[in-house]
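Chemist: Here's a structure for you.
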There are 2 protein chains.
Amino acid sequence: MSPVVSPRAAFRERRARLDRLLGGPKLFVSGLSRPRNFEHNPYPFRAESHFLYFAGASIEGAALLVDGDRTALYVEPPTDDDALWFGPRPSLDELSASLEIEVRPLAELSPRSDTALLPPQDAETAFFLADLVHRDVEASGGDSLDGRDAALADAVIELRLHQDDAAIAQLRLAASLTRDAHRAGRAATRPGVREAVVRAAMEHVMLAADVVPAYAPIVTVHGEILHANAYHRELRDGDLLLADVGAETREGWAGDVTRVWPVSGRFSSTQRTLYEVVLAAQEAAIGAVHPGVRYLDVHRIAGQRIARGLVEAGILRGDPDDLYHRGAAALFFPHGIGHLLGLDVHDMEDLGDRAGYAPGRSRSQERGERYLRCDRDLSPGMCVTIEPGFYRIRSMLEDPEAIGDLREAVDWSVLDRFADVRGIRIEDDVLVTAEGCEVLTREIPKQVGDVETG
Amino acid sequence: MSPVVSPRAAFRERRARLDRLLGGPKLFVSGLSRPRNFEHNPYPFRAESHFLYFAGASIEGAALLVDGDRTALYVEPPTDDDALWFGPRPSLDELSASLEIEVRPLAELSPRSDTALLPPQDAETAFFLADLVHRDVEASGGDSLDGRDAALADAVIELRLHQDDAAIAQLRLAASLTRDAHRAGRAATRPGVREAVVRAAMEHVMLAADVVPAYAPIVTVHGEILHANAYHRELRDGDLLLADVGAETREGWAGDVTRVWPVSGRFSSTQRTLYEVVLAAQEAAIGAVHPGVRYLDVHRIAGQRIARGLVEAGILRGDPDDLYHRGAAALFFPHGIGHLLGLDVHDMEDLGDRAGYAPGRSRSQERGERYLRCDRDLSPGMCVTIEPGFYRIRSMLEDPEAIGDLREAVDWSVLDRFADVRGIRIEDDVLVTAEGCEVLTREIPKQVGDVETG
């Protein structure tokens, strides 16, 4: 894999665009590494996404001031102790030359009182930032911002919502690293091994390419657990394996792909039927991705297609559109069709629904729509996931309150015949283009005939 | 690998011993997961070590009250949403049966005002704990504790300092997982690949066994960078590769092993000479590990042996013991001989030098001794690492202040001949026994003749 490195001009251009959207000083911090079991045993440092977007460098404890001619990166100068423990660090001049931005010692940062900033991800970074700007800073979501901070959030969202060329190159790279990981996962699949073995094979590919997962990998024979984060179960012959695994590029951009394949290499007829229902829903949803289309409508198209497929399979009874509106699809597809994708796997979720939802829109209270993380009109340059699913979630299907008046809409004896399907999700990363969309992750096989395991 | 699971009686016994050492209520929290780039994309949760030690379970946001008959584990009861996103969770009764401890809802916790506690690892957990106990809690080290909190720290240190049978079984398991990882790392070593490829092979073994590294793996051809945390460099034919990599068991216990091997499979004569100096120092230090011996003296034995070896190699000039006392060994071996090992890779370092240093002892200001993380008299059940090294650290060797009056003690032209050695460290995990010690990691090859790479 040849390295894909964003040109420095991309970051300069992002900063200039931000200055045009919002004048005056804006400060971004990179954050601090978080302790694992004690201070000197931290998790791998990962800079805050807003900082990465405008600075293009991962430097712990740094601050980027964006303010026209005063724009500069502020960092701690290297010390002798750094050299001993962490190796020689570039001087500030060397850093400035390589990043093509003015670089100054952090101690010289003296921000104006009207400096705009965004909430950081943890309390330690909030203290760090509060110290820099001499005012209280909350580590919290973006929904409660006001004044210049709210204006900054809106400006950043406007920029990050539409991926520029450098970002698209990174998203393509993430897709290709993710493809390699999924290929290795299929090859490692065989009855008798544990989920951990497949997860390890997938993560191995990323680590060998010197990148890491963008989020905790889900690799499970219990796909009905939406965020399963254990890997101890054994793969058995009749199981479906669900792998929701994506790589993060060195610059921080995420891939996010789910595939499901049979442990034995062959779907049973019941598994194939429901897999094809989900696949048809996903294809219908991707087919609907087009500039001007509302993302909520893409979600509805997938949900309606699932309702229709489940009627055809005999699991639901009635008119598909009517069933969708009554929430019958949501019994089996309770989450949203997807979310924004970018530097964060749920892009800009740190800013709350301010990022995912267009101004004036808020979460629907409808069953099956309330978990939707995004409701914007699509436009070229936006990147979203499309990830419908089918799940038999016992706690929901046995809950009279969740079933409500849908008891008669489900043919429970037919559903029982699909006992070898617990959870299916098919997820791709989709870039909105002027003509419609491009599936960035199209090289990762998902047709029933594609299955080949080790 | 058959799973090694600590018997529930081990945790009951630990709690009972703690009650005997310090009466009254003691509260331990498990901690909260830390955000990576946003709240809902956290790092893998790792419970606080003190909690793991006494509770024997990794449950986020839980609190363990140890107080005789009132001892109980307090957790958030499972919700319907948990079931949807994270799968069915055991009821409190089921948890109680499996953990063999009373389990109650967190909301019922109402601790007495004299409840003793230890500082947690981050500010969010400190807030969480402060809310439970209705007093301020600092997320900070153990050196500044007072009153009952200080007494609790001392009692916990007294217990955790000497490993019980369950702990020793876990440390053996960690050693064996670490052995498998090192074996895979050697097999993946070949000229032309990047450090990341070897690191990936080592971590693959852990992930496939459903465990994780105990700390950020160091896998580098620049062993002179003590905590190198990059993996982008290419392995070349004449390089030594340094791998400081240890596994953590599912119950949280650490392995910590460093090996160095030649990328080509064969040491050069200069590499072999210095490798054997470090190996001899390590063997001398391990040979000195015995009940009643002061750990600082083990450090000095290693340092003196390194001074002697460097005199024999022609790099140092003079009397080895005199050279050691003047700090000449520390020019090439600047860190300490090792540290406590247990649930933390630097065990109980969250409590500061209160854990590593015996009462009344504090850090030496001597060059070469000030970085020593431990200075206690060894006794059976203590587990420490023994990890001398030799490094050519340019920033130190070119610093007139660091060299001081040692310029004439070094034969710089001889040193130049060892240019193909940048950093060597050899590290094992050693359990103090009644008779002397046992090297838990002895199965991981380190003799010059052992080398075999892919």
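Each chain in the structure tokens gets a letter, A, B, ..., in the order shown, and its residues are numbered from 1; ligands are numbered from 1 in order too.
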Give me the chain A side of the contact with chain B, cut-off 6 Å, one line per residue showing its nearest atom pair and distance in Å at one decimal, counting only C-alpha atoms, sorted by chain and residue number, as a tab-separated table.
Modeler:
residue	atom	partner	partner_atom	distance
A:Asn37	CA	B:Glu48	CA	5.8
A:Phe38	CA	B:Asp350	CA	5.2
A:Glu48	CA	B:Asn37	CA	5.8
A:Trp85	CA	B:Leu226	CA	4.8
A:Phe86	CA	B:His227	CA	5.3
A:Gly87	CA	B:Ile225	CA	4.9
A:Ala123	CA	B:Ala123	CA	5.9
A:Ala196	CA	B:Ala208	CA	4.9
A:Val197	CA	B:Ala208	CA	4.3
A:Ala200	CA	B:Leu207	CA	5.0
A:His204	CA	B:Ala200	CA	5.2
A:Leu207	CA	B:Ala200	CA	5.0
A:Ala208	CA	B:Val197	CA	4.2
A:Asp210	CA	B:Ala196	CA	5.4
A:Ile225	CA	B:Gly87	CA	4.9
A:Leu226	CA	B:Trp85	CA	4.7
A:His227	CA	B:Trp85	CA	5.1
A:Ala228	CA	B:Phe86	CA	5.4
A:Asp350	CA	B:Phe38	CA	5.2
Chemist: So that I can see what lies close to Arg8 (chain A), please list as a list of chain:residue names the residues with an atom at most 8 Å from it, counting only C-alpha atoms and leaving out residues fewer than 4 positions away in the same chain.
Modeler: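 That gives A:Arg12, A:Gly56, A:Leu99, A:Glu100.
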Chemist: Work out how far apart CA of Leu296 (chain B) and CA of Ala355 (chain B) are and give it in Å to one decimal.
Modeler: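 Between CA of Leu296 (chain B) and CA of Ala355 (chain B) the gap works out to 14.8 Å.
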Chemist: Which polymer residues have any atom within 10 Å of an atom of Leu310 (chain A), counting only C-alpha atoms, with same-chain residues fewer than 6 positions away left out, as a list in words?
Modeler: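 Near Leu310 (chain A), the qualifying residues are Thr273, Leu274, Val277, Val278, Gln304, Leu316, Arg317, Pro320, Ala328, Ala329, Phe332, Phe390, Val410 and Leu415 of chain A.
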Chemist: Give me the residues near region 380-387 of chain A as a VMD selection string, where near means some atom within 8 Å (using only C-alpha atoms) and where sequence neighbours in that chain fewer than 3 positions away do not count.
Modeler: chain A and resid 161 to 164 256 258 282 285 to 286 291 336 to 342 425 to 434
Chemist: Give me the residues within 7 Å of His290 (chain A) as a PDB file with N, CA and C atoms, in the first residue's frame, counting only C-alpha atoms and dropping any in the same chain fewer than 3 places off.
Modeler:
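Below is the file that was written, out27.pdb:
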ATOM      1  N   VAL A 293     -31.810  14.406  -1.928  1.00  0.00           N
ATOM      2  CA  VAL A 293     -32.635  13.422  -1.218  1.00  0.00           C
ATOM      3  C   VAL A 293     -32.415  13.566   0.289  1.00  0.00           C
ATOM      4  N   LEU A 378     -29.079  15.289   1.335  1.00  0.00           N
ATOM      5  CA  LEU A 378     -27.762  14.891   0.834  1.00  0.00           C
ATOM      6  C   LEU A 378     -27.279  15.869  -0.238  1.00  0.00           C
ATOM      7  N   VAL A 432     -21.629  10.863  -1.632  1.00  0.00           N
ATOM      8  CA  VAL A 432     -22.602  11.505  -2.514  1.00  0.00           C
ATOM      9  C   VAL A 432     -21.837  12.286  -3.583  1.00  0.00           C
ATOM     10  N   GLY A 436     -25.044  11.153  -8.260  1.00  0.00           N
ATOM     11  CA  GLY A 436     -25.765  10.181  -7.437  1.00  0.00           C
ATOM     12  C   GLY A 436     -24.881   9.803  -6.277  1.00  0.00           C
ATOM     13  N   CYS A 437     -24.194   8.674  -6.391  1.00  0.00           N
ATOM     14  CA  CYS A 437     -23.272   8.328  -5.318  1.00  0.00           C
ATOM     15  C   CYS A 437     -22.247   7.321  -5.810  1.00  0.00           C
TER      16      CYS A 437
END
Chemist: List every residue of region 34-228 of chain B that DSSP, applied to the backbone, labels as helix (DSSP H, G or I), and write the result as a PyMOL selection string.
Modeler: chain B and resi 49-55+68-70+80-86+92-99+106-108+123-133+147-160+165-187+195-208
Chemist: Taking C-alpha atoms for each residue, export the selection above as a CSV table (one decimal), in the first residue's frame.
Modeler:
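See result-v6.csv below for the written result:
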chain,number,residue,atom,x,y,z
B,49,SER,CA,-6.5,-2.6,39.2
B,50,HIS,CA,-7.5,-2.2,42.9
B,51,PHE,CA,-11.1,-3.1,41.9
B,52,LEU,CA,-10.0,-6.1,39.8
B,53,TYR,CA,-7.9,-7.3,42.7
B,54,PHE,CA,-10.7,-7.4,45.2
B,55,ALA,CA,-13.8,-7.8,43.0
B,68,GLY,CA,-17.0,-7.1,56.9
B,69,ASP,CA,-20.7,-8.2,56.8
B,70,ARG,CA,-21.6,-5.1,54.7
B,80,ASP,CA,-33.8,-2.9,28.0
B,81,ASP,CA,-31.5,-0.6,26.0
B,82,ASP,CA,-28.4,-2.6,27.2
B,83,ALA,CA,-30.0,-5.7,25.8
B,84,LEU,CA,-30.5,-4.1,22.4
B,85,TRP,CA,-27.0,-2.6,22.1
B,86,PHE,CA,-24.8,-4.8,24.2
B,92,LEU,CA,-28.1,-8.8,39.9
B,93,ASP,CA,-29.0,-12.1,41.4
B,94,GLU,CA,-27.2,-14.0,38.6
B,95,LEU,CA,-24.2,-11.8,39.0
B,96,SER,CA,-24.3,-12.4,42.8
B,97,ALA,CA,-24.3,-16.1,42.2
B,98,SER,CA,-21.5,-16.1,39.7
B,99,LEU,CA,-19.3,-13.7,41.7
B,106,LEU,CA,-25.7,1.3,42.7
B,107,ALA,CA,-28.4,3.7,43.8
B,108,GLU,CA,-28.6,1.9,47.1
B,123,ALA,CA,-11.3,13.1,36.3
B,124,GLU,CA,-14.6,11.6,35.2
B,125,THR,CA,-14.1,8.6,37.5
B,126,ALA,CA,-13.1,11.1,40.3
B,127,PHE,CA,-16.4,12.9,39.7
B,128,PHE,CA,-18.3,9.6,39.7
B,129,LEU,CA,-16.7,8.6,43.0
B,130,ALA,CA,-17.1,12.1,44.6
B,131,ASP,CA,-20.9,11.8,43.8
B,132,LEU,CA,-21.0,8.4,45.6
B,133,VAL,CA,-19.2,9.5,48.7
B,147,GLY,CA,-6.0,9.9,57.0
B,148,ARG,CA,-7.9,6.8,56.3
B,149,ASP,CA,-7.2,7.0,52.6
B,150,ALA,CA,-3.5,6.8,53.3
B,151,ALA,CA,-4.1,3.9,55.6
B,152,LEU,CA,-6.1,2.1,52.9
B,153,ALA,CA,-3.3,2.7,50.4
B,154,ASP,CA,-0.8,1.2,52.8
B,155,ALA,CA,-3.0,-1.8,53.4
B,156,VAL,CA,-3.6,-2.4,49.7
B,157,ILE,CA,0.1,-2.1,49.0
B,158,GLU,CA,0.8,-4.6,51.8
B,159,LEU,CA,-1.5,-7.1,50.1
B,160,ARG,CA,-0.7,-6.5,46.5
B,165,ASP,CA,-1.6,-18.3,44.5
B,166,ALA,CA,-4.3,-17.0,42.2
B,167,ALA,CA,-2.1,-14.0,41.3
B,168,ILE,CA,0.9,-16.3,40.6
B,169,ALA,CA,-1.3,-18.5,38.3
B,170,GLN,CA,-2.3,-15.3,36.4
B,171,LEU,CA,1.3,-14.1,36.1
B,172,ARG,CA,2.3,-17.5,34.8
B,173,LEU,CA,-0.5,-17.3,32.2
B,174,ALA,CA,0.7,-13.8,31.2
B,175,ALA,CA,4.2,-15.2,30.8
B,176,SER,CA,3.0,-18.0,28.6
B,177,LEU,CA,0.9,-15.7,26.4
B,178,THR,CA,3.9,-13.3,26.2
B,179,ARG,CA,6.1,-16.2,25.2
B,180,ASP,CA,3.8,-17.1,22.3
B,181,ALA,CA,3.8,-13.5,21.1
B,182,HIS,CA,7.6,-13.2,21.1
B,183,ARG,CA,7.8,-16.5,19.2
B,184,ALA,CA,5.5,-15.1,16.5
B,185,GLY,CA,7.5,-11.8,16.4
B,186,ARG,CA,10.8,-13.7,15.7
B,187,ALA,CA,9.1,-15.7,13.0
B,195,GLU,CA,8.5,-2.8,12.4
B,196,ALA,CA,4.7,-2.7,12.2
B,197,VAL,CA,4.7,-6.2,10.6
B,198,VAL,CA,6.5,-7.7,13.6
B,199,ARG,CA,4.3,-5.8,16.0
B,200,ALA,CA,1.2,-7.0,14.2
B,201,ALA,CA,2.4,-10.6,14.3
B,202,MET,CA,3.0,-10.4,18.1
B,203,GLU,CA,-0.3,-8.7,18.8
B,204,HIS,CA,-2.2,-11.1,16.6
B,205,VAL,CA,-1.2,-13.9,18.9
B,206,MET,CA,-2.7,-12.1,21.9
B,207,LEU,CA,-5.9,-11.0,20.1
B,208,ALA,CA,-6.5,-14.6,18.8
Chemist: Take CA of Asp353 (chain A) and CA of Leu372 (chain A) and report the distance between them in Å, one decimal.
Modeler: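 Going from CA of Asp353 (chain A) over to CA of Leu372 (chain A), I get 10.1 Å.
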